[in-house]
Amino acid sequence: MSSYDEVSLTDSEKVDKVVPKKVSWKYRILNIANLFFILIWLASLLPSKYNEEMRIGLKDFKAFGVVLIIIEVIFMLLNRTEKGNRTQRDIMGFVYFFLLIWEVGVSRFNLLPYAFVPAPENVFYVFYEDYINILEGFKSSMILIIFGVGSALIFAVILGTLVGWVPRLTNAIYPIVKAISTVPPLIYTSYIVLIMPTFFMASFTVVFLSVFWGSFMGSINNTAFVEKKVINSARVLNMKTLPMLFKIIIPFNFPRIINNLPINLATALMTLTAAEMIGATSGMGYYVRVSLTYANYTKAIAGIIFIGVVVSILNIFIDAIKRKFVTWQY
Amino acid sequence: MINLSLIKIENLSLTYETEKTRFKALDNINLEINKGEFVCLIGSSGCGKSTLLGVLEGLLSPSEGKVYINNKEVNGPGSDRAVVFQNYSLFPWMSARKNVAFAIVESKRGSQKIKKHDAYATADEFLNKVGLYEYRNKQPGELSGGMQQRVAIARALACNPEILLMDEPFGAIDAKTRDVLQQLLLKLWEEDEEKKTIVFVTHDLEEAIFLADKIVFMEPKGIKEVINVNIERPRNKEKLLSNDRYRSLRSRLVKMFNNEDDNIDLVGGAGI
């Protein structure tokens with residue numbers, strides 16, 4: 001029997017979990033964002049000058065209406081907790097305000113140069129009318145993005161961690177990588193498209209290089225700055241180099257890798273769409289390029305919006321991965 | 001004559017060198033620590049306590065001299081030793097349970113094959129001993145400082161080392177929690193049939209007297225004196241205050257500290 005007092009947790013050791021407060025229905029519905037949402041629907045009831053003056057006329061409001069309803073449903077689902085509630089309302093307020101100005105300024109009063117600024121009804125109708133081509137472009141671009149970014153990250157993280165772990169390698173390689181990584185991939189995109197045998201190979205190489213150098217340099221830096229206490233904790237377990245890299249250094253740097261993923265994806269998409277605008281026969285960039293070539297600005301804007309939505313969805317997906325797998329910060 | 005010493009430090013010196021500076025942190029240290037002993041290293045900041053512990057951990061290599069454990073020279077970290085650091089050093093992406101189980105598997109890798117299932121069972125057992133079974137699936141970021149150090153103690157003990165090296169483990173914890181953790185550590189140590197040898201670095205005189213069999217008082221670069229505590233176990237903090245031996249030891253150590261402060265160079269903590 002021990003003579004010591006009870007060694008249970010002291011009050012200062014215990015930690016409480018904060019449960020986010022839910023927002024009442026009243027605040028979820030009565031806000032400025034929803035006011036603009038209703039105004040867009042009301043504006044759609046006004047007579048259209050665009051319909052009268054434009055040769056192609058105004059498409060049915062249904063496609064635009066469906067898009068508005070999808071946005072609103074997502075907004076209502078996200079707008080459930082008090083934290084971040086105001087920010088979400090503000091963001092949606094701006095989105096709806098922009099759509100309202102677009103609807104009123106173009107579809108109703110035709111105030112902007114009609115040849116270049118199509119009505120929202122017409123732009124969103126493209127998603128219904130031309131969805132097969134859009135999805136084909138999406139598929140083609142996504143395959144390149146997923147394989148290009150994925151393989152670049154795997155190589156960059158493994159090689160960068162190894163180089164960062166060995167000071168001699170770091171000293172020799174880091175200045176070279178630093179010089180190469182400052183060259184924007186857009187500069188050599190057309191050259192790579194030219195020298196590669198197929199467009200797929202060229203696009204893959206462009207996407208790979210656009211992500212690889214930055215991530216490689218980032219991994220060297222990350223490894224050099226892993227907290228010493230974590231390394232010492234692993235070293236006293238007598239861990240050898242490879243387990244140390246794969247079980248300690250890379251997991252420790254995982255949040256940084258994930259945090260950089262949106263930037264990497266944006267860079268990759270930018271470079272890929274640029275490459276697709278040069279020599280591709282499919283892809284999201286190709287879709288926009290062809291539309292612009294034939295002065296079909298309605299399709300071009302629809303393509304641009306689609307690329308924006310895809311990037312946003314990818315970022316939401318990355319955030320979800322972050323919330324699920326990166327439950328700690330250093 | 002039987003040699004009981006488990007740790008033997010012979011003529012140990014360690015110099016930190018950079019391109020521009022050279023600093024001797026330890027100079028010709030000799031010390032023997034017996035099996036099952038609880039030894040506290042105390043002394044002013046920068047006197048070399050943590051450096052000496054770093055050499056025992058195998059994280060620092062001596063410039064001169066040698067350290068032997070079980071008559072084998074120390075050349076690096078080993079599964080015969082486990083370490084508890086001051087600055088919450090758990091792996092932040094692993095749960096408390098995984099931190100402990102991971103340490104068990106990794107520390108024995110090469111010498112013993114441990115199944116994950118067994119490692120988790122041992123982890124649960126030790127987390128229960130330190131009062132954290134309920135919190136076993138929490139990550140370090142979700143635990144308070146005191147709880148993290150409980151996990152660190154569980155992790156070190158679960159590896160079943162012969163020697164436990166502790167570098168100011170309760171230094172960053174509030175007074176009440178520190179008292180509780182000191183009692184917890186002694187409880188676990190005294191309950192263990194194969195009593196571990198503990199080398200514990202601290203600034204706190206009361207902590208050293210309460211915990212130790214032997215106090216090694218360090219002065220800059222070396223050992224000033226090794227003092228046997230000679231107070232019966234089990235110890236009780238409140239009763240200890242009225243113990244004559246405790247009071248005389250404390251006043252002696254305070255005097256030594258005060259003299260040390262008068263003599264100390266501004267060397268600063270070397271750190272590992």
# chains A, B, ... in the order shown; residues from 1 in each chain; ligands from 1

call {"tool": "residues_around", "arguments": {"residues": "B:Pro77", "least_positions_apart": "5", "cutoff": "9 Å", "atoms": "only C-alpha atoms", "output": "VMD selection string"}}
result
(chain A and resid 235 to 239) or (chain B and resid 56 to 59 82)

call {"tool": "write_last_selection", "arguments": {"atoms": "all heavy atoms", "output": "PDB file, in the first residue's frame"}}
result
ATOM      1  N   ARG A 235      15.345  10.490 -31.233  1.00  0.00           N
ATOM      2  CA  ARG A 235      16.728   9.986 -31.171  1.00  0.00           C
ATOM      3  C   ARG A 235      16.966   9.120 -29.937  1.00  0.00           C
ATOM      4  O   ARG A 235      17.693   8.134 -30.004  1.00  0.00           O
ATOM      5  CB  ARG A 235      17.715  11.160 -31.180  1.00  0.00           C
ATOM      6  CG  ARG A 235      17.912  11.747 -32.579  1.00  0.00           C
ATOM      7  CD  ARG A 235      18.838  12.943 -32.552  1.00  0.00           C
ATOM      8  NE  ARG A 235      20.202  12.578 -32.200  1.00  0.00           N
ATOM      9  CZ  ARG A 235      21.108  13.446 -31.755  1.00  0.00           C
ATOM     10  NH1 ARG A 235      20.799  14.701 -31.585  1.00  0.00           N
ATOM     11  NH2 ARG A 235      22.321  13.046 -31.469  1.00  0.00           N
ATOM     12  N   VAL A 236      16.339   9.498 -28.805  1.00  0.00           N
ATOM     13  CA  VAL A 236      16.549   8.673 -27.612  1.00  0.00           C
ATOM     14  C   VAL A 236      15.861   7.310 -27.736  1.00  0.00           C
ATOM     15  O   VAL A 236      16.117   6.411 -26.933  1.00  0.00           O
ATOM     16  CB  VAL A 236      16.110   9.376 -26.301  1.00  0.00           C
ATOM     17  CG1 VAL A 236      16.959  10.596 -26.037  1.00  0.00           C
ATOM     18  CG2 VAL A 236      14.632   9.717 -26.319  1.00  0.00           C
ATOM     19  N   LEU A 237      15.008   7.165 -28.741  1.00  0.00           N
ATOM     20  CA  LEU A 237      14.415   5.839 -29.007  1.00  0.00           C
ATOM     21  C   LEU A 237      15.319   5.030 -29.929  1.00  0.00           C
ATOM     22  O   LEU A 237      14.961   3.957 -30.383  1.00  0.00           O
ATOM     23  CB  LEU A 237      13.029   5.985 -29.647  1.00  0.00           C
ATOM     24  CG  LEU A 237      11.956   6.662 -28.792  1.00  0.00           C
ATOM     25  CD1 LEU A 237      10.680   6.856 -29.598  1.00  0.00           C
ATOM     26  CD2 LEU A 237      11.668   5.844 -27.548  1.00  0.00           C
ATOM     27  N   ASN A 238      16.481   5.610 -30.223  1.00  0.00           N
ATOM     28  CA  ASN A 238      17.500   4.926 -31.028  1.00  0.00           C
ATOM     29  C   ASN A 238      17.024   4.688 -32.462  1.00  0.00           C
ATOM     30  O   ASN A 238      17.332   3.658 -33.063  1.00  0.00           O
ATOM     31  CB  ASN A 238      17.857   3.595 -30.355  1.00  0.00           C
ATOM     32  CG  ASN A 238      19.294   3.221 -30.604  1.00  0.00           C
ATOM     33  OD1 ASN A 238      20.064   4.004 -31.176  1.00  0.00           O
ATOM     34  ND2 ASN A 238      19.675   2.022 -30.191  1.00  0.00           N
ATOM     35  N   MET A 239      16.252   5.632 -33.004  1.00  0.00           N
ATOM     36  CA  MET A 239      15.714   5.441 -34.356  1.00  0.00           C
ATOM     37  C   MET A 239      16.788   5.711 -35.401  1.00  0.00           C
ATOM     38  O   MET A 239      17.571   6.638 -35.284  1.00  0.00           O
ATOM     39  CB  MET A 239      14.523   6.377 -34.580  1.00  0.00           C
ATOM     40  CG  MET A 239      13.324   5.992 -33.770  1.00  0.00           C
ATOM     41  SD  MET A 239      11.941   7.099 -34.030  1.00  0.00           S
ATOM     42  CE  MET A 239      11.330   6.481 -35.588  1.00  0.00           C
TER      43      MET A 239
ATOM     44  N   LEU B  56      24.655  11.164 -20.836  1.00  0.00           N
ATOM     45  CA  LEU B  56      24.076   9.884 -20.382  1.00  0.00           C
ATOM     46  C   LEU B  56      23.008   9.396 -21.371  1.00  0.00           C
ATOM     47  O   LEU B  56      22.882   8.193 -21.615  1.00  0.00           O
ATOM     48  CB  LEU B  56      23.452  10.041 -18.996  1.00  0.00           C
ATOM     49  CG  LEU B  56      24.416  10.333 -17.839  1.00  0.00           C
ATOM     50  CD1 LEU B  56      23.644  10.539 -16.542  1.00  0.00           C
ATOM     51  CD2 LEU B  56      25.417   9.197 -17.660  1.00  0.00           C
ATOM     52  N   GLU B  57      22.258  10.348 -21.931  1.00  0.00           N
ATOM     53  CA  GLU B  57      21.226   9.972 -22.921  1.00  0.00           C
ATOM     54  C   GLU B  57      21.861   9.418 -24.196  1.00  0.00           C
ATOM     55  O   GLU B  57      21.231   8.694 -24.945  1.00  0.00           O
ATOM     56  CB  GLU B  57      20.387  11.215 -23.306  1.00  0.00           C
ATOM     57  CG  GLU B  57      19.430  11.665 -22.227  1.00  0.00           C
ATOM     58  CD  GLU B  57      19.026  13.135 -22.366  1.00  0.00           C
ATOM     59  OE1 GLU B  57      19.436  13.784 -23.353  1.00  0.00           O
ATOM     60  OE2 GLU B  57      18.337  13.643 -21.479  1.00  0.00           O
ATOM     61  N   GLY B  58      23.101   9.826 -24.449  1.00  0.00           N
ATOM     62  CA  GLY B  58      23.772   9.421 -25.687  1.00  0.00           C
ATOM     63  C   GLY B  58      23.558  10.427 -26.800  1.00  0.00           C
ATOM     64  O   GLY B  58      23.911  10.176 -27.949  1.00  0.00           O
ATOM     65  N   LEU B  59      22.946  11.572 -26.481  1.00  0.00           N
ATOM     66  CA  LEU B  59      22.710  12.604 -27.504  1.00  0.00           C
ATOM     67  C   LEU B  59      23.933  13.489 -27.677  1.00  0.00           C
ATOM     68  O   LEU B  59      24.082  14.154 -28.694  1.00  0.00           O
ATOM     69  CB  LEU B  59      21.502  13.473 -27.120  1.00  0.00           C
ATOM     70  CG  LEU B  59      20.142  12.778 -27.083  1.00  0.00           C
ATOM     71  CD1 LEU B  59      19.046  13.743 -26.665  1.00  0.00           C
ATOM     72  CD2 LEU B  59      19.807  12.181 -28.447  1.00  0.00           C
ATOM     73  N   ALA B  82      15.628   5.563 -20.865  1.00  0.00           N
ATOM     74  CA  ALA B  82      14.490   6.322 -21.410  1.00  0.00           C
ATOM     75  C   ALA B  82      14.590   7.738 -20.846  1.00  0.00           C
ATOM     76  O   ALA B  82      15.153   7.934 -19.773  1.00  0.00           O
ATOM     77  CB  ALA B  82      13.178   5.678 -21.004  1.00  0.00           C
TER      78      ALA B  82
END

call {"tool": "interface_residues", "arguments": {"of": "chain A", "to": "chain B", "cutoff": "12 Å", "atoms": "only C-alpha atoms", "output": "NGL selection string"}}
result
:A and (1-18 or 226-240 or 243-244 or 247-255 or 325-330)

call {"tool": "residues_around", "arguments": {"residues": "B:Ala212", "least_positions_apart": "6", "cutoff": "6 Å", "atoms": "only C-alpha atoms", "output": "PDB file with C-alpha atoms, in the first residue's frame"}}
result
ATOM      1  CA  PHE B  38      17.384   7.941  -7.350  1.00  0.00           C
ATOM      2  CA  VAL B  39      19.936  10.661  -8.037  1.00  0.00           C
ATOM      3  CA  CYS B  40      19.165  14.349  -8.440  1.00  0.00           C
TER       4      CYS B  40
END

call {"tool": "select_by_dssp", "arguments": {"residues": "stretch 90-245 of chain B", "states": "helix (DSSP H, G or I)", "output": "PyMOL selection string"}}
result
chain B and resi 96-108+116-129+133-135+140-142+145-158+175-191+205-211+237-240+244-245

call {"tool": "atom_distance", "arguments": {"atom1": "atom CA of A:Glu276", "atom2": "atom CA of A:Pro120"}}
result
25.8 Å

call {"tool": "closest_residue", "arguments": {"among": "B:Glu134, B:Asp118, B:Glu193, B:Glu125", "to": "B:Ala154", "atoms": "only C-alpha atoms"}}
result
B:Glu125

call {"tool": "atom_distance", "arguments": {"atom1": "atom CA of A:Thr281", "atom2": "atom CA of A:Ile318"}}
result
28.8 Å

call {"tool": "closest_residue", "arguments": {"among": "A:Val73, A:Leu39, A:Ile173, A:Val183", "to": "A:Leu159", "atoms": "only C-alpha atoms"}}
result
A:Ile173

call {"tool": "atom_distance", "arguments": {"atom1": "atom CA of B:Ser95", "atom2": "atom CA of A:Leu314"}}
result
28.5 Å

call {"tool": "residues_around", "arguments": {"residues": "B:Cys47", "least_positions_apart": "2", "cutoff": "8 Å", "atoms": "only C-alpha atoms", "output": "number ranges by chain"}}
result
B: 25, 43-45, 49, 218-222, 267, 269

call {"tool": "closest_residue", "arguments": {"among": "A:Val207, A:Val66, A:Ile71, A:Ala43", "to": "A:Met142", "atoms": "only C-alpha atoms"}}
result
A:Val207

call {"tool": "select_by_dssp", "arguments": {"residues": "stretch 64-252 of chain B", "states": "strand (DSSP E)", "output": "VMD selection string"}}
result
chain B and resid 64 to 69 72 to 73 81 to 84 163 to 167 197 to 201 214 to 219 222 to 228

call {"tool": "residues_around", "arguments": {"residues": "A:Val117", "least_positions_apart": "5", "cutoff": "8 Å", "atoms": "only C-alpha atoms", "output": "PyMOL selection string"}}
result
chain A and resi 106+112+297-298

call {"tool": "write_last_selection", "arguments": {"atoms": "C-alpha atoms", "output": "JSON list (two decimals), in the first residue's frame"}}
result
[["chain", "number", "residue", "atom", "x", "y", "z"],
["A", 106, "VAL", "CA", -26.87, 43.14, -67.99],
["A", 112, "LEU", "CA", -22.57, 47.06, -70.29],
["A", 297, "TYR", "CA", -17.69, 34.93, -74.62],
["A", 298, "THR", "CA", -20.70, 33.28, -73.02]]

call {"tool": "residues_around", "arguments": {"residues": "A:Asn264", "least_positions_apart": "3", "cutoff": "10 Å", "atoms": "only C-alpha atoms", "output": "tab-separated table (two decimals) with N, CA, C and O atoms, in the first residue's frame"}}
result
chain	number	residue	atom	x	y	z
A	149	VAL	N	0.38	16.70	-59.74
A	149	VAL	CA	0.60	17.26	-58.40
A	149	VAL	C	0.97	16.14	-57.42
A	149	VAL	O	1.90	16.28	-56.62
A	152	ALA	N	4.54	14.88	-58.09
A	152	ALA	CA	5.50	15.94	-57.74
A	152	ALA	C	5.64	16.04	-56.22
A	152	ALA	O	6.77	16.16	-55.69
A	153	LEU	N	4.51	15.98	-55.52
A	153	LEU	CA	4.56	16.11	-54.06
A	153	LEU	C	5.29	14.93	-53.41
A	153	LEU	O	6.11	15.11	-52.51
A	207	VAL	N	2.99	20.40	-65.21
A	207	VAL	CA	2.35	20.39	-63.89
A	207	VAL	C	3.33	19.90	-62.83
A	207	VAL	O	3.47	20.48	-61.75
A	210	SER	N	5.91	22.54	-62.09
A	210	SER	CA	5.35	23.73	-61.44
A	210	SER	C	5.19	23.52	-59.94
A	210	SER	O	5.22	24.46	-59.17
A	211	VAL	N	5.00	22.27	-59.53
A	211	VAL	CA	4.82	21.98	-58.11
A	211	VAL	C	6.12	21.49	-57.47
A	211	VAL	O	6.42	21.80	-56.32
A	212	PHE	N	6.91	20.74	-58.23
A	212	PHE	CA	8.06	20.05	-57.65
A	212	PHE	C	9.09	20.98	-57.00
A	212	PHE	O	9.42	20.81	-55.82
A	214	GLY	N	9.18	24.13	-55.93
A	214	GLY	CA	8.75	24.85	-54.72
A	214	GLY	C	8.59	23.91	-53.54
A	214	GLY	O	9.03	24.21	-52.43
A	215	SER	N	7.97	22.75	-53.79
A	215	SER	CA	7.73	21.81	-52.70
A	215	SER	C	9.04	21.17	-52.23
A	215	SER	O	9.21	20.90	-51.03
A	257	ILE	N	2.71	20.55	-45.36
A	257	ILE	CA	2.51	20.05	-46.73
A	257	ILE	C	1.07	20.30	-47.15
A	257	ILE	O	0.79	20.80	-48.24
A	258	ILE	N	0.13	19.94	-46.27
A	258	ILE	CA	-1.30	20.12	-46.57
A	258	ILE	C	-1.63	21.62	-46.70
A	258	ILE	O	-2.39	22.02	-47.58
A	259	ASN	N	-1.05	22.44	-45.81
A	259	ASN	CA	-1.33	23.88	-45.88
A	259	ASN	C	-0.87	24.48	-47.19
A	259	ASN	O	-1.44	25.45	-47.66
A	260	ASN	N	0.21	23.93	-47.76
A	260	ASN	CA	0.72	24.47	-49.03
A	260	ASN	C	-0.02	23.91	-50.24
A	260	ASN	O	0.18	24.39	-51.35
A	261	LEU	N	-0.85	22.89	-50.01
A	261	LEU	CA	-1.51	22.23	-51.12
A	261	LEU	C	-2.40	23.17	-51.96
A	261	LEU	O	-2.34	23.12	-53.20
A	267	THR	N	-1.14	26.87	-58.52
A	267	THR	CA	-0.02	27.01	-59.46
A	267	THR	C	-0.14	25.99	-60.57
A	267	THR	O	0.05	26.30	-61.76
A	268	ALA	N	-0.45	24.73	-60.19
A	268	ALA	CA	-0.54	23.65	-61.17
A	268	ALA	C	-1.65	23.94	-62.17
A	268	ALA	O	-1.48	23.78	-63.39
A	269	LEU	N	-2.82	24.38	-61.66
A	269	LEU	CA	-3.95	24.67	-62.55
A	269	LEU	C	-3.63	25.82	-63.50
A	269	LEU	O	-3.96	25.76	-64.68
A	270	MET	N	-2.95	26.84	-62.94
A	270	MET	CA	-2.59	28.00	-63.75
A	270	MET	C	-1.66	27.56	-64.89
A	270	MET	O	-1.87	27.91	-66.05

call {"tool": "closest_residue", "arguments": {"among": "B:Arg155, B:Arg22, B:Lys116, B:Lys8", "to": "B:Gly65", "atoms": "only C-alpha atoms"}}
result
B:Lys8

call {"tool": "closest_residue", "arguments": {"among": "A:Phe94, A:Trp213, A:Tyr128, A:Phe200", "to": "A:Phe155", "atoms": "only C-alpha atoms"}}
result
A:Trp213
